[in-house]
Each structure stands twice: as structure tokens, then as C-alpha cells.
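Only one structure is covered here, and it is reproduced in the block below.
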Amino acid sequence: MARIPSEVIDRIRDSVDISDVIGHYVQLHQSGKGFVGLCPFHEEQTPSFSVNEQKQFFYCFGCGRGGNVFQFLMELKHIPFTEAVAEVAQLANVDLPSQYLNNGDRSIHQENNTPNGKLMVMHEEAAKLYHHILMNTPAGAQALKYLKGRGMTDELINDFNLGFAPEQRILKPFLEQKINDYQLLRKSGLFVEDNNGGLHDRFVDRVMFPLRNQNGRVIGFSGRVIGKVPADTPKYLNSPETPIFNKRRTLFNFDIARKEARGTSKIYLFEGFMDVISAYSAGAKNGVASMGTSLTEEQVGILGRAVRQVDICYDGDSAGQNAIDRAVTLFRDHQPQGMQLRVVQLPAGIDPDEYVQQNGADKFAKYLVDQEETPVDFYLRFYRLNKNLNNQTELISYLEQSLKLLATLSSSLEQDMYLTQLAKEFDLDKATLKSQLQDISRRLGGRKRHSQPASLSQNEGSSSGFSVGPGPASSPALQRNPIKRTELAEQLLLRYMFHDQEVWDHVAAINDFHFAHERYQTLYLLAESYFSEHGECSAAGLMDYLKEDSLRSTLGQIEQLNVDDVVNMQLIDDCVQLIQEQIPLSQKIKELQSQIREASSLNNSELATQLTMKLIKLLKKQQELKAEETN
């Protein structure tokens, strides 16, 4: 495979807007001159992920990852650089000659030789086999009949690539023909191991639901028993935890739902796979479900990074009500900042799948819109369960619960609306209810659910007088730990050098100038090499030139500094002076060591002792500087 020329890479990178590409995977919001969102690389509830549209790069103040559009795709999808370039080229409708791709294959998701890649290939081969058995063999006839009895069409079955694992254990010999690696088969989760180390198909006599990651790759399965379920047999059997499958972080149909939600920025959360498929058939293709277990904190984070609104659409029976309560509580405690939550509750005893079967797809689609309500509406009804509101004691208990809920609302208008509703329904004096609500609010200390933590400026705690912070200032979560004066001066100096030729020339003309910290000196030298080759400064281009992730992160950190556009040369000189105070250490240490050797050779012990004391002080100062860099 030929190496892609730098001019081709530059053309492809410059042909797309990084915010558009990242916006397919992260819900971005305008903030100042850039965009912010929840980082896709680590768990968080407030946005620390920043995208700079002008400079065409991203940076996360939480985990320190940064780069241009290629690095984003490489990090997110775990693909090599050439695949990331190929994907961006396809998005930009730029023709990338086949000699720059592996084996001339233009596929974005090329198979690779990594262990995880092999596991995904293995699962995709298994999915093809199961689907073929379901659709084309007598062994799958009963399962196919069952699915069509549930309202499934061939199109739906094909869209979700459903399959059937027959009673005859055929997966192991099928995969052994393609993958002659016992340890990889053992690690896949597709088999169970007996006491003698033998492997046997895990899924037998079950309808198979392939589970995909956010990129559409098959990473696991959920198998459903058809017909009557024996008492000791689970209705659904999920793949075990593997290097590519974690049920706490997996949502059924998320890869499709996320794409479908780009217009509305809304996803429906259902309880079961069949609910998702039924909603899909009704036109609501932006539906997901957890893995047959309760919703997890990790899944809440994944949804929050993808969309601005989640509608919980669980069954209307008692179990469904309790499940909604648990889900709403989890979202309340862990939902990302700015995300809205709604509830769509079906009639008691009917799940979405049954509703579609009984009333048709059109009515279900209309129901999803008409029956959407706020969590407060849900709880005002949920609190009534198992209460006799004709009993005065239980009515008072219900009203106290309801007022405590209203006290958490940040909007006085919302509070007033619900107070009017309660007063009218129970023929009560609204002024009395309002007075009681105020008492409860005071007891709760005026806490609001949507209150935000105070922001912390970047240079707080630093002894530097520089006014520098991570832009944009309007986003309190876009912040990092305080840094020391010397390092701040180095970052600030490089920030101006990268964007102003006069500053670059001014610093480059200083004899024996050297950054105090090694990573900034390395970044300076690499930038010097890049600029000499390309003749211009480009943060996005320099990102490709850098080979180490740590240097890309440092560059992203520097580029996010919020500085004045007008260069203050006195500030530049102050930075240089502060850095130079640390620069001569290594040089002075070498000189002193040479002088000590010379004094010793002349048997001048007094001078050697004096020089040694100076050397000790410099070595101690050097250690302090290294400790500062580490911290």
C-alpha cells in the first residue's frame, strides 16, 4: 500500500467541517466561537469536549484527548490512519486512489488483524449463518413462523438481521473452517467450555438478535426461546462479557437510532427488542432498548452524548410504572447537562409491540407524539398508586409528596401551573398550597434540580499574572487543573508563536533559547520542521504531523487558550524571561560538573567543595522542575 501524500491528506482534511463529522457522533451545542458537547471518550455529566471549527480540531478538557478529524475517527472507531482518511474522503466526496488503501479495498470498515477486529468478524460470520438458517432452511421454519406471527415481515427480519440457532450445534465447525484459533474461539463468548476444554455452541434453539456497537459492527447476541419457556430456562440469553461486548454499555439498535435522531435529536427508550422493532415498523426508527436488564448509568451517558431528549416508553402495567420510576431516577442523578427527559406511558397491560399489533403502526406513531409528558406529570400520577385519595390521611400524604416534587422545579411558572392543577382537582385553596410549597422549599434549602456548579478559571491558584483561560468562558465545564507559572508561560508563548509570524521570528532569533519542559521543546522543534516544509501555520495540519498522542493533546490544550488577538510584545518578553530563568539549569549543571572535575585534578578541594554546593542547589532546582512537569 502506497503512502498517502501529505498534499492529498491536507486536501481531504480541509474538504470537511470537523464539527459536521463529529456532530454525527456527539451532540454539539454552540458556545462562543466554537462548539461543546459530552466527550465520547470518557464518562461525564457536564460538557468538557470542545470543537474549534475555525482551527478544525477538537480537545477535551476532561481527559486531554485532542486532534483533528482523522484523530477523532481513529480514537472513536479504533481504526488506522488510512481508514480514517478514507472515511473522511468518502464524506467529502473526494476520490482517494485505490493504491492508498489496503488491497485496493475502498471499504471504510476494513477487516484488521487486531484481536478485537477478529472477534467482530467472527460475530458477523455467525450472524450471517444464523440469518441464513432462519430464512432458508427447514431448521428455521418454526422460528420464522413465530416471528411472522408477531407481525414481522421479511423486510423487518432482514433489516435487523435476525437469525436462528438450531438445536444441532453447527456454529463451532462452521467457524473453525474460517478461524483456526482455539483461544480466539474460546474468548468470543459464542461457546461454553466443558471440563475438558471442549467448546460447544452457547446458543441453541433460540431466535437470534444480533447486538451491534455504535459503528454497526456485531459484537454479541441475545437469543430468545420460542414457544413455552421452561421454568429453569431464561427467556432471553445474552452473550457474556467479552473484550468487545459490555452489556452495561450496549443499547439495542443504537447505531440506527442515533442516525435517525439527527433531525429531532430524540431517542425512544423501550424495554424490549420486540418493542424497538415494532416501533421501527411504525416509523419510529430512533428507538433503543437495554440488554434485558435495568437501565445503567453508562447507557444514560451514551444517550446523553447522542441526543438532547430521551422519551422513556415502557409498559403501562405496575411493573412498567416501577421501571419508569427507576429510569427517571437514574436519569435525574446522571443525565448530562441540558438533556430533556419525557415519558410516554402505554395503557396498562399493553407493551409497544402489542399496541402495534392491536391498533396498527399509524396509531402507534400518533400515540408517541400525543402521550408525551414530563417526569413531573408522570410522578403526579405515580404517587397515586396504592393510595386511596378519598381517605384524608392518604390524600395529605399524596399532596406532600407532590409538593416536595414541585419544590425541585427551577421554573416558578411550572410550579404555578401544577399548583393550579392540584387545587382544581381536589378543590383546595391554591394560596394554601403555595404557602406549603414555600415552606417545603425553605426546608430543602432552596435546592433546585437544575442548579449548576460554580466555574473555576484556568489560572486560579496560579502565581502568574497572565489572564488566560480555556475558551469559551461561558462554559463552566471547559476547564482544567491549575498549572504552574513556567508551564503557563510556555503554553502562552507557543500559542502566539503558532499564530503570529512576528512572534515566531522574535523568539527564534534569541540565542540558545530552549523551553524549560521537554514536551514544549519537542513540540517547538517539530512545529519548526512542519512550518519549514509547509510554509504556513496550521494547527490541524500539525496534528497529523505529530506522531505521539501526548503531543497532540498538548497542542490541543495550547490551542484552546483564550488569549487576546492583539499581540502584546511585552507579554511575549515576560514569558521568554520567565522560561529562560529555568533554561540554563542543564547547561549550568554541565559547566559546574566540568569545573569540579578540573578543581579536583588541581587538588583544589576548597574550590571543589564550593562548586559542589552550587551543583547540589542546581540539581535540587532541576528536580523541582521535573516534579512540576509530572504534576
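Chain labels A, B, ... are given in the sequence in which chains occur in the C-alpha cells; within each chain residues are numbered consecutively from 1, and ligands are likewise numbered from 1 in the order shown.
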
> If we count only C-alpha atoms, what is near range 25-33 of chain A at a cut-off of 12 Å, once residues fewer than 6 positions away on the same chain are taken out, given as a ChimeraX atom specification?
Replying inline: /A:18-19,39-41,47-55,58,72-73,76-77,214-215,254-259,261-266,301-309,336-339,470-478,560,562

I want to know what sits within 7 Å of range 150-161 of chain A, based on only C-alpha atoms, with residues of the same chain fewer than 3 positions away left out; could you give that as a PDB file with all heavy atoms, in the first residue's frame?
ATOM      1  N   HIS A 131     -28.814 -16.079  10.271  1.00  0.00           N
ATOM      2  CA  HIS A 131     -29.836 -15.479   9.402  1.00  0.00           C
ATOM      3  C   HIS A 131     -30.177 -16.420   8.252  1.00  0.00           C
ATOM      4  O   HIS A 131     -31.362 -16.582   7.900  1.00  0.00           O
ATOM      5  CB  HIS A 131     -29.325 -14.144   8.863  1.00  0.00           C
ATOM      6  CG  HIS A 131     -30.330 -13.407   8.029  1.00  0.00           C
ATOM      7  ND1 HIS A 131     -31.472 -12.851   8.558  1.00  0.00           N
ATOM      8  CD2 HIS A 131     -30.369 -13.149   6.683  1.00  0.00           C
ATOM      9  CE1 HIS A 131     -32.172 -12.274   7.590  1.00  0.00           C
ATOM     10  NE2 HIS A 131     -31.514 -12.442   6.440  1.00  0.00           N
ATOM     11  N   TYR A 146     -42.898 -18.180  13.994  1.00  0.00           N
ATOM     12  CA  TYR A 146     -43.113 -17.456  15.255  1.00  0.00           C
ATOM     13  C   TYR A 146     -42.950 -15.945  15.035  1.00  0.00           C
ATOM     14  O   TYR A 146     -43.779 -15.142  15.474  1.00  0.00           O
ATOM     15  CB  TYR A 146     -42.120 -17.944  16.315  1.00  0.00           C
ATOM     16  CG  TYR A 146     -41.950 -17.006  17.483  1.00  0.00           C
ATOM     17  CD1 TYR A 146     -42.899 -16.960  18.501  1.00  0.00           C
ATOM     18  CD2 TYR A 146     -40.847 -16.145  17.558  1.00  0.00           C
ATOM     19  CE1 TYR A 146     -42.745 -16.082  19.569  1.00  0.00           C
ATOM     20  CE2 TYR A 146     -40.695 -15.270  18.615  1.00  0.00           C
ATOM     21  CZ  TYR A 146     -41.640 -15.250  19.621  1.00  0.00           C
ATOM     22  OH  TYR A 146     -41.496 -14.377  20.670  1.00  0.00           O
ATOM     23  N   LEU A 147     -41.889 -15.534  14.342  1.00  0.00           N
ATOM     24  CA  LEU A 147     -41.637 -14.116  14.128  1.00  0.00           C
ATOM     25  C   LEU A 147     -42.723 -13.477  13.272  1.00  0.00           C
ATOM     26  O   LEU A 147     -43.170 -12.351  13.548  1.00  0.00           O
ATOM     27  CB  LEU A 147     -40.263 -13.920  13.468  1.00  0.00           C
ATOM     28  CG  LEU A 147     -39.048 -14.224  14.348  1.00  0.00           C
ATOM     29  CD1 LEU A 147     -37.765 -14.157  13.535  1.00  0.00           C
ATOM     30  CD2 LEU A 147     -38.973 -13.254  15.529  1.00  0.00           C
ATOM     31  N   PRO A 210     -28.887 -10.079  16.711  1.00  0.00           N
ATOM     32  CA  PRO A 210     -27.514  -9.559  16.735  1.00  0.00           C
ATOM     33  C   PRO A 210     -27.449  -8.223  17.478  1.00  0.00           C
ATOM     34  O   PRO A 210     -28.335  -7.371  17.326  1.00  0.00           O
ATOM     35  CB  PRO A 210     -27.171  -9.372  15.259  1.00  0.00           C
ATOM     36  CG  PRO A 210     -28.137 -10.247  14.515  1.00  0.00           C
ATOM     37  CD  PRO A 210     -29.391 -10.217  15.330  1.00  0.00           C
ATOM     38  N   GLN A 357     -49.639  -4.329  17.193  1.00  0.00           N
ATOM     39  CA  GLN A 357     -50.406  -5.454  16.671  1.00  0.00           C
ATOM     40  C   GLN A 357     -51.908  -5.193  16.741  1.00  0.00           C
ATOM     41  O   GLN A 357     -52.672  -5.556  15.840  1.00  0.00           O
ATOM     42  CB  GLN A 357     -50.063  -6.730  17.456  1.00  0.00           C
ATOM     43  CG  GLN A 357     -48.600  -7.141  17.399  1.00  0.00           C
ATOM     44  CD  GLN A 357     -48.068  -7.252  15.988  1.00  0.00           C
ATOM     45  OE1 GLN A 357     -48.712  -7.828  15.122  1.00  0.00           O
ATOM     46  NE2 GLN A 357     -46.902  -6.672  15.751  1.00  0.00           N
TER      47      GLN A 357
END

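The protein and nucleic acid residues lying at most 9 Å from Ala139 in chain A are Ile133, Leu134, Asn136, Gln142, Ala143, Phe164, Ala165, Pro166 and Glu167 of chain A, with only C-alpha atoms considered and sequence neighbours fewer than 3 positions away removed.
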
>> Please identify the alpha helix (DSSP H) residues within range 497-631 of chain A (assignment by DSSP from backbone atoms) and present them as a VMD selection string.
In response: chain A and resid 497 to 499 501 to 508 518 to 534 539 to 545 549 to 559 569 to 580 584 to 601 605 to 630

> What separation in Å, quoted to one decimal, exists between CA of Arg442 in chain A and CA of Gln340 in chain A?
Replying inline: 26.3 Å
